[in-house]
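S.K.: Sharing coords.pdb (PDB, C-alpha atoms) below.
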ATOM      1  CA  MET A 619     -10.164  -1.449 -21.592  1.00  0.00           C
ATOM      2  CA  ALA A 620      -8.282   0.912 -19.279  1.00  0.00           C
ATOM      3  CA  ILE A 621      -4.514   0.393 -19.138  1.00  0.00           C
ATOM      4  CA  GLN A 622      -4.439   0.305 -15.366  1.00  0.00           C
ATOM      5  CA  ASP A 623      -3.344  -2.223 -12.757  1.00  0.00           C
ATOM      6  CA  THR A 624      -6.278  -3.598 -10.783  1.00  0.00           C
ATOM      7  CA  PRO A 625      -6.394  -5.449  -7.462  1.00  0.00           C
ATOM      8  CA  GLU A 626      -7.284  -9.145  -7.601  1.00  0.00           C
ATOM      9  CA  GLU A 627      -6.697 -12.059  -5.264  1.00  0.00           C
ATOM     10  CA  TRP A 628      -6.882 -15.704  -6.280  1.00  0.00           C
ATOM     11  CA  GLN A 629      -7.908 -18.326  -3.723  1.00  0.00           C
ATOM     12  CA  VAL A 630      -5.161 -19.610  -1.445  1.00  0.00           C
ATOM     13  CA  THR A 631      -5.757 -23.036   0.075  1.00  0.00           C
ATOM     14  CA  GLU A 632      -2.711 -23.123   2.355  1.00  0.00           C
ATOM     15  CA  THR A 633       0.026 -20.761   3.540  1.00  0.00           C
ATOM     16  CA  VAL A 634       3.274 -21.552   5.342  1.00  0.00           C
ATOM     17  CA  THR A 635       6.199 -19.311   6.327  1.00  0.00           C
ATOM     18  CA  PRO A 636       9.369 -21.440   6.227  1.00  0.00           C
ATOM     19  CA  PHE A 637      11.672 -18.501   6.996  1.00  0.00           C
ATOM     20  CA  THR A 638      11.309 -15.356   9.076  1.00  0.00           C
ATOM     21  CA  GLY A 639      14.123 -12.814   9.101  1.00  0.00           C
ATOM     22  CA  LYS A 640      14.755  -9.519  10.855  1.00  0.00           C
ATOM     23  CA  LYS A 641      12.781  -7.389   8.391  1.00  0.00           C
ATOM     24  CA  THR A 642      11.382  -9.788   5.789  1.00  0.00           C
ATOM     25  CA  SER A 643      10.161 -13.360   5.529  1.00  0.00           C
ATOM     26  CA  VAL A 644       9.544 -16.037   2.885  1.00  0.00           C
ATOM     27  CA  ARG A 645       6.034 -17.348   2.370  1.00  0.00           C
ATOM     28  CA  THR A 646       4.695 -20.267   0.348  1.00  0.00           C
ATOM     29  CA  ASP A 647       1.067 -20.069  -0.807  1.00  0.00           C
ATOM     30  CA  GLN A 648      -0.870 -22.856  -2.508  1.00  0.00           C
ATOM     31  CA  VAL A 649      -2.782 -20.887  -5.159  1.00  0.00           C
ATOM     32  CA  VAL A 650      -5.821 -22.048  -7.129  1.00  0.00           C
ATOM     33  CA  MET A 651      -5.249 -21.390 -10.846  1.00  0.00           C
ATOM     34  CA  PRO A 652      -7.989 -20.485 -13.366  1.00  0.00           C
ATOM     35  CA  ASP A 653      -8.170 -24.136 -14.536  1.00  0.00           C
ATOM     36  CA  GLY A 654      -8.729 -25.350 -10.963  1.00  0.00           C
ATOM     37  CA  SER A 655      -5.254 -26.756 -10.427  1.00  0.00           C
ATOM     38  CA  VAL A 656      -3.299 -25.761  -7.319  1.00  0.00           C
ATOM     39  CA  HIS A 657       0.355 -24.703  -7.431  1.00  0.00           C
ATOM     40  CA  GLY A 658       2.835 -23.424  -4.856  1.00  0.00           C
ATOM     41  CA  ARG A 659       4.167 -19.890  -5.125  1.00  0.00           C
ATOM     42  CA  ASP A 660       7.151 -18.779  -3.018  1.00  0.00           C
ATOM     43  CA  TYR A 661       7.744 -15.073  -2.383  1.00  0.00           C
ATOM     44  CA  GLN A 662       9.409 -12.638  -0.043  1.00  0.00           C
ATOM     45  CA  VAL A 663       7.109 -10.725   2.295  1.00  0.00           C
ATOM     46  CA  HIS A 664       8.353  -7.144   2.611  1.00  0.00           C
ATOM     47  CA  PRO A 665       7.126  -4.201   4.743  1.00  0.00           C
ATOM     48  CA  GLY A 666       7.468  -1.723   1.883  1.00  0.00           C
ATOM     49  CA  SER A 667       9.887   1.125   1.230  1.00  0.00           C
ATOM     50  CA  VAL A 668      10.128   4.797   0.412  1.00  0.00           C
ATOM     51  CA  ALA A 669      12.681   6.587  -1.747  1.00  0.00           C
ATOM     52  CA  VAL A 670      13.288  10.170  -2.807  1.00  0.00           C
ATOM     53  CA  LEU A 671      14.658  11.881  -5.866  1.00  0.00           C
ATOM     54  CA  ALA A 672      15.959  15.082  -4.244  1.00  0.00           C
ATOM     55  CA  ILE A 673      16.953  17.667  -6.862  1.00  0.00           C
ATOM     56  CA  ASP A 674      18.638  20.991  -6.169  1.00  0.00           C
ATOM     57  CA  ASP A 675      18.471  24.383  -7.892  1.00  0.00           C
ATOM     58  CA  GLU A 676      21.327  23.386 -10.222  1.00  0.00           C
ATOM     59  CA  ASP A 677      19.375  20.377 -11.512  1.00  0.00           C
ATOM     60  CA  ARG A 678      21.579  17.940  -9.623  1.00  0.00           C
ATOM     61  CA  VAL A 679      20.188  14.839  -7.947  1.00  0.00           C
ATOM     62  CA  LEU A 680      21.386  13.793  -4.503  1.00  0.00           C
ATOM     63  CA  VAL A 681      22.733  10.233  -4.781  1.00  0.00           C
ATOM     64  CA  LEU A 682      24.475   7.770  -2.482  1.00  0.00           C
ATOM     65  CA  ARG A 683      26.949   4.999  -3.287  1.00  0.00           C
ATOM     66  CA  GLN A 684      26.465   1.943  -1.105  1.00  0.00           C
ATOM     67  CA  TYR A 685      27.563  -1.718  -1.034  1.00  0.00           C
ATOM     68  CA  ARG A 686      24.771  -4.211  -1.727  1.00  0.00           C
ATOM     69  CA  HIS A 687      25.840  -7.704  -0.778  1.00  0.00           C
ATOM     70  CA  PRO A 688      23.232  -9.779  -2.679  1.00  0.00           C
ATOM     71  CA  VAL A 689      24.441  -8.384  -6.033  1.00  0.00           C
ATOM     72  CA  ARG A 690      28.105  -7.912  -4.979  1.00  0.00           C
ATOM     73  CA  HIS A 691      28.160  -4.319  -6.201  1.00  0.00           C
ATOM     74  CA  LYS A 692      28.511  -0.796  -4.935  1.00  0.00           C
ATOM     75  CA  LEU A 693      25.465   0.904  -6.399  1.00  0.00           C
ATOM     76  CA  TRP A 694      24.600   4.552  -6.885  1.00  0.00           C
ATOM     77  CA  GLU A 695      21.168   5.021  -5.326  1.00  0.00           C
ATOM     78  CA  VAL A 696      18.753   7.681  -4.150  1.00  0.00           C
ATOM     79  CA  PRO A 697      18.018   7.981  -0.409  1.00  0.00           C
ATOM     80  CA  ALA A 698      15.585   5.251   0.620  1.00  0.00           C
ATOM     81  CA  GLY A 699      14.489   3.157   3.560  1.00  0.00           C
ATOM     82  CA  LEU A 700      12.038   0.624   4.925  1.00  0.00           C
ATOM     83  CA  LEU A 701       8.587   1.368   6.269  1.00  0.00           C
ATOM     84  CA  ASP A 702       9.495  -0.054   9.661  1.00  0.00           C
ATOM     85  CA  VAL A 703       6.261   0.872  11.431  1.00  0.00           C
ATOM     86  CA  PRO A 704       2.970  -0.610  10.122  1.00  0.00           C
ATOM     87  CA  GLY A 705       0.703   2.191   8.909  1.00  0.00           C
ATOM     88  CA  GLU A 706       3.497   4.776   9.063  1.00  0.00           C
ATOM     89  CA  ASN A 707       2.941   7.845   6.913  1.00  0.00           C
ATOM     90  CA  PRO A 708       5.334   7.368   3.954  1.00  0.00           C
ATOM     91  CA  LEU A 709       6.072  11.103   3.715  1.00  0.00           C
ATOM     92  CA  HIS A 710       7.267  11.165   7.326  1.00  0.00           C
ATOM     93  CA  ALA A 711       9.380   8.076   6.676  1.00  0.00           C
ATOM     94  CA  VAL A 712      11.061   9.468   3.562  1.00  0.00           C
ATOM     95  CA  GLN A 713      11.751  12.820   5.211  1.00  0.00           C
ATOM     96  CA  ARG A 714      13.495  10.904   7.983  1.00  0.00           C
ATOM     97  CA  GLU A 715      15.564   8.941   5.467  1.00  0.00           C
ATOM     98  CA  LEU A 716      16.650  12.097   3.639  1.00  0.00           C
ATOM     99  CA  TYR A 717      17.758  13.608   6.931  1.00  0.00           C
ATOM    100  CA  GLU A 718      19.547  10.498   8.185  1.00  0.00           C
ATOM    101  CA  GLU A 719      21.321   9.582   4.954  1.00  0.00           C
ATOM    102  CA  ALA A 720      22.101  13.038   3.547  1.00  0.00           C
ATOM    103  CA  HIS A 721      21.424  15.572   6.348  1.00  0.00           C
ATOM    104  CA  VAL A 722      19.141  17.446   3.962  1.00  0.00           C
ATOM    105  CA  LYS A 723      15.594  18.764   4.214  1.00  0.00           C
ATOM    106  CA  ALA A 724      13.187  19.878   1.473  1.00  0.00           C
ATOM    107  CA  GLU A 725      10.289  22.317   1.340  1.00  0.00           C
ATOM    108  CA  ASP A 726       8.447  20.931  -1.708  1.00  0.00           C
ATOM    109  CA  TRP A 727       7.361  17.280  -1.816  1.00  0.00           C
ATOM    110  CA  ARG A 728       5.432  15.380  -4.490  1.00  0.00           C
ATOM    111  CA  VAL A 729       4.746  11.741  -5.293  1.00  0.00           C
ATOM    112  CA  LEU A 730       6.809  10.880  -8.354  1.00  0.00           C
ATOM    113  CA  THR A 731       5.619   7.292  -8.836  1.00  0.00           C
ATOM    114  CA  ASP A 732       4.700   4.037  -7.061  1.00  0.00           C
ATOM    115  CA  ILE A 733       6.212   0.699  -8.035  1.00  0.00           C
ATOM    116  CA  TYR A 734       6.365  -2.988  -7.149  1.00  0.00           C
ATOM    117  CA  THR A 735      10.067  -3.820  -7.367  1.00  0.00           C
ATOM    118  CA  THR A 736       9.869  -7.544  -8.198  1.00  0.00           C
ATOM    119  CA  PRO A 737       6.213  -8.631  -8.280  1.00  0.00           C
ATOM    120  CA  GLY A 738       7.061 -12.119  -9.510  1.00  0.00           C
ATOM    121  CA  GLY A 739       8.867 -12.987  -6.290  1.00  0.00           C
ATOM    122  CA  CYS A 740       8.372 -10.256  -3.684  1.00  0.00           C
ATOM    123  CA  ASP A 741       5.471  -8.097  -2.497  1.00  0.00           C
ATOM    124  CA  GLU A 742       7.680  -5.026  -1.884  1.00  0.00           C
ATOM    125  CA  ALA A 743       5.922  -1.772  -2.787  1.00  0.00           C
ATOM    126  CA  VAL A 744       7.943   1.445  -3.059  1.00  0.00           C
ATOM    127  CA  ARG A 745       6.705   5.025  -3.174  1.00  0.00           C
ATOM    128  CA  ILE A 746       9.231   7.305  -4.872  1.00  0.00           C
ATOM    129  CA  PHE A 747       8.945  10.965  -3.950  1.00  0.00           C
ATOM    130  CA  LEU A 748      10.278  14.096  -5.623  1.00  0.00           C
ATOM    131  CA  ALA A 749      11.821  16.657  -3.248  1.00  0.00           C
ATOM    132  CA  ARG A 750      12.726  20.223  -4.240  1.00  0.00           C
ATOM    133  CA  ASP A 751      13.845  23.408  -2.496  1.00  0.00           C
ATOM    134  CA  LEU A 752      16.639  21.617  -0.664  1.00  0.00           C
ATOM    135  CA  SER A 753      18.654  22.947   2.247  1.00  0.00           C
ATOM    136  CA  GLU A 754      21.020  21.625   4.878  1.00  0.00           C
ATOM    137  CA  ALA A 755      19.221  20.060   7.828  1.00  0.00           C
ATOM    138  CA  GLU A 756      19.671  21.477  11.300  1.00  0.00           C
ATOM    139  CA  GLY A 757      21.180  19.622  14.242  1.00  0.00           C
ATOM    140  CA  GLU A 758      23.776  16.879  14.430  1.00  0.00           C
ATOM    141  CA  ARG A 759      24.294  14.354  11.676  1.00  0.00           C
ATOM    142  CA  PHE A 760      22.760  10.917  12.134  1.00  0.00           C
ATOM    143  CA  GLU A 761      25.323   8.312  13.153  1.00  0.00           C
ATOM    144  CA  VAL A 762      25.537   5.663  10.425  1.00  0.00           C
ATOM    145  CA  ALA A 763      26.555   2.012  10.839  1.00  0.00           C
ATOM    146  CA  GLU A 764      27.083  -1.256   8.928  1.00  0.00           C
ATOM    147  CA  GLU A 765      26.965  -0.746   5.116  1.00  0.00           C
ATOM    148  CA  GLU A 766      26.034   2.904   5.557  1.00  0.00           C
ATOM    149  CA  ALA A 767      29.327   3.606   7.347  1.00  0.00           C
ATOM    150  CA  ASP A 768      31.044   3.232   3.944  1.00  0.00           C
ATOM    151  CA  MET A 769      28.456   5.295   2.075  1.00  0.00           C
ATOM    152  CA  GLU A 770      29.484   8.077  -0.326  1.00  0.00           C
ATOM    153  CA  LEU A 771      27.354  11.128  -1.092  1.00  0.00           C
ATOM    154  CA  ALA A 772      27.292  13.170  -4.307  1.00  0.00           C
ATOM    155  CA  ARG A 773      25.155  15.537  -6.355  1.00  0.00           C
ATOM    156  CA  VAL A 774      25.018  14.520 -10.007  1.00  0.00           C
ATOM    157  CA  PRO A 775      23.352  16.363 -12.929  1.00  0.00           C
ATOM    158  CA  LEU A 776      20.052  14.730 -13.840  1.00  0.00           C
ATOM    159  CA  GLN A 777      21.015  14.279 -17.481  1.00  0.00           C
ATOM    160  CA  GLU A 778      24.224  12.485 -16.479  1.00  0.00           C
ATOM    161  CA  LEU A 779      22.133   9.996 -14.511  1.00  0.00           C
ATOM    162  CA  VAL A 780      19.759   9.519 -17.439  1.00  0.00           C
ATOM    163  CA  ARG A 781      22.755   8.817 -19.679  1.00  0.00           C
ATOM    164  CA  GLY A 782      24.117   6.297 -17.156  1.00  0.00           C
ATOM    165  CA  VAL A 783      20.773   4.518 -16.904  1.00  0.00           C
ATOM    166  CA  LEU A 784      20.401   4.145 -20.660  1.00  0.00           C
ATOM    167  CA  ALA A 785      24.043   3.068 -20.998  1.00  0.00           C
ATOM    168  CA  GLY A 786      23.531   0.231 -18.516  1.00  0.00           C
ATOM    169  CA  GLU A 787      25.907   1.782 -15.978  1.00  0.00           C
ATOM    170  CA  LEU A 788      23.353   2.446 -13.206  1.00  0.00           C
ATOM    171  CA  HIS A 789      21.092  -0.341 -11.942  1.00  0.00           C
ATOM    172  CA  ASN A 790      19.315   0.588  -8.711  1.00  0.00           C
ATOM    173  CA  SER A 791      15.595   0.340  -9.404  1.00  0.00           C
ATOM    174  CA  CYS A 792      14.528   3.461  -7.499  1.00  0.00           C
ATOM    175  CA  LEU A 793      17.227   5.555  -9.149  1.00  0.00           C
ATOM    176  CA  VAL A 794      16.413   4.209 -12.627  1.00  0.00           C
ATOM    177  CA  VAL A 795      12.654   4.669 -12.254  1.00  0.00           C
ATOM    178  CA  GLY A 796      13.040   8.000 -10.479  1.00  0.00           C
ATOM    179  CA  VAL A 797      15.257   9.777 -12.999  1.00  0.00           C
ATOM    180  CA  LEU A 798      13.276   8.495 -15.985  1.00  0.00           C
ATOM    181  CA  ALA A 799       9.940   9.378 -14.335  1.00  0.00           C
ATOM    182  CA  LEU A 800      11.182  12.888 -13.547  1.00  0.00           C
ATOM    183  CA  THR A 801      12.343  13.359 -17.140  1.00  0.00           C
ATOM    184  CA  ALA A 802       8.979  12.132 -18.437  1.00  0.00           C
ATOM    185  CA  ALA A 803       7.043  14.375 -16.029  1.00  0.00           C
ATOM    186  CA  ARG A 804       8.939  17.425 -17.217  1.00  0.00           C
ATOM    187  CA  ALA A 805       8.259  16.532 -20.832  1.00  0.00           C
ATOM    188  CA  GLY A 806       4.576  15.984 -20.067  1.00  0.00           C
ATOM    189  CA  ASP A 807       2.276  18.035 -17.852  1.00  0.00           C
ATOM    190  CA  GLY A 808       5.073  19.399 -15.641  1.00  0.00           C
ATOM    191  CA  LEU A 809       6.120  18.769 -12.056  1.00  0.00           C
ATOM    192  CA  ASP A 810       3.272  20.724 -10.508  1.00  0.00           C
ATOM    193  CA  ALA A 811       0.877  18.184 -12.036  1.00  0.00           C
ATOM    194  CA  LEU A 812       2.399  15.366  -9.967  1.00  0.00           C
ATOM    195  CA  ARG A 813       0.308  13.898  -7.171  1.00  0.00           C
ATOM    196  CA  PRO A 814       0.523  15.587  -3.762  1.00  0.00           C
ATOM    197  CA  ALA A 815       2.841  14.070  -1.165  1.00  0.00           C
ATOM    198  CA  ASP A 816      -0.101  12.727   0.849  1.00  0.00           C
ATOM    199  CA  ALA A 817      -1.812  10.990  -2.100  1.00  0.00           C
ATOM    200  CA  PRO A 818      -3.451   7.656  -1.192  1.00  0.00           C
ATOM    201  CA  TRP A 819      -1.287   4.555  -1.586  1.00  0.00           C
ATOM    202  CA  PRO A 820      -3.480   1.412  -1.691  1.00  0.00           C
ATOM    203  CA  ALA A 821      -0.456  -0.897  -1.689  1.00  0.00           C
ATOM    204  CA  ARG A 822       0.586   0.382   1.747  1.00  0.00           C
ATOM    205  CA  PRO A 823      -2.304   2.244   3.431  1.00  0.00           C
ATOM    206  CA  PHE A 824      -1.149   4.813   5.974  1.00  0.00           C
ATOM    207  CA  GLU A 825      -2.388   7.130   8.663  1.00  0.00           C
ATOM    208  CA  ALA A 826      -2.574  10.872   7.923  1.00  0.00           C
TER     209      ALA A 826
END
Show me this structure written as structure tokens.

M.R.:
Amino acid sequence: MAIQDTPEEWQVTETVTPFTGKKTSVRTDQVVMPDGSVHGRDYQVHPGSVAVLAIDDEDRVLVLRQYRHPVRHKLWEVPAGLLDVPGENPLHAVQRELYEEAHVKAEDWRVLTDIYTTPGGCDEAVRIFLARDLSEAEGERFEVAEEEADMELARVPLQELVRGVLAGELHNSCLVVGVLALTAARAGDGLDALRPADAPWPARPFEA
């Protein structure tokens, strides 16, 4: 048996959407179980996200510190954003986020990993990229607002982030997965063996 996630969809007899927000909604499905019984399952419907572990020539990762109201914390995170346009190319979206949040561009892009953030209660899929060969972006800085107006920017050595993750001091899922995946990739087949930036993403199909 291959240790690999596989697509599967159980029968849904009824679907309602009791809440629709600006970017996400809540859905309730009545799902037929293997024994024939039917049970309700509530979950958040999410457009999907992209994130990037941008690492410079000094082995420092570009991170942001931002307030996250649901958990009442300021979290250190990697640049990330929503896939606002259905079918949008995730590489284009993450390049935009890196520019807007950090005013940085990168010449080398790879797919680091793909994750479902909370599959028990949300259908959010995130593609985490690796960006190398960083440089300052051209043009004016993007004007930030709301939580991003209070955002801090830093470059932190990769190993310091790994230490913080394992010590329980850093909690953002994309940062945690990203730094550990990068460390594992280096210890394995190397970064050049990572998938290309335009690799297929079945969870959120996109246009080339």

S.K.: When you draw a straight line from CA of His691 in chain A to CA of Met769 in chain A, how long is it in Å?

M.R.: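 Between CA of His691 in chain A and CA of Met769 in chain A the gap works out to 12.7 Å.
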
S.K.: Of the candidates A:Leu752, A:Ala767, A:Leu800, A:Cys740, which one gets nearest to Glu719 in chain A if we count only C-alpha atoms?

M.R.: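 The shortest atom-to-atom distance to Glu719 in chain A comes from A:Ala767.
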
S.K.: Could you tell me which of A:Val794, A:Leu812, A:Ile733, A:Ala799 comes closest to Trp694 in chain A if we count all atoms listed in the file?

M.R.: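 For Trp694 in chain A, the nearest of the candidates is A:Val794.
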
S.K.: Report the distance between CA of Gly699 in chain A and CA of Ala669 in chain A in Å, rounded to one decimal place.

M.R.: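 Pair CA of Gly699 in chain A / CA of Ala669 in chain A returns 6.6 Å.
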
S.K.: Would you mind telling me which residue in A:Tyr717, A:Tyr685, A:Phe824, A:Phe637 lies nearest to Val663 in chain A when using all atoms listed in the file?

M.R.: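 Closest candidate: A:Phe637.
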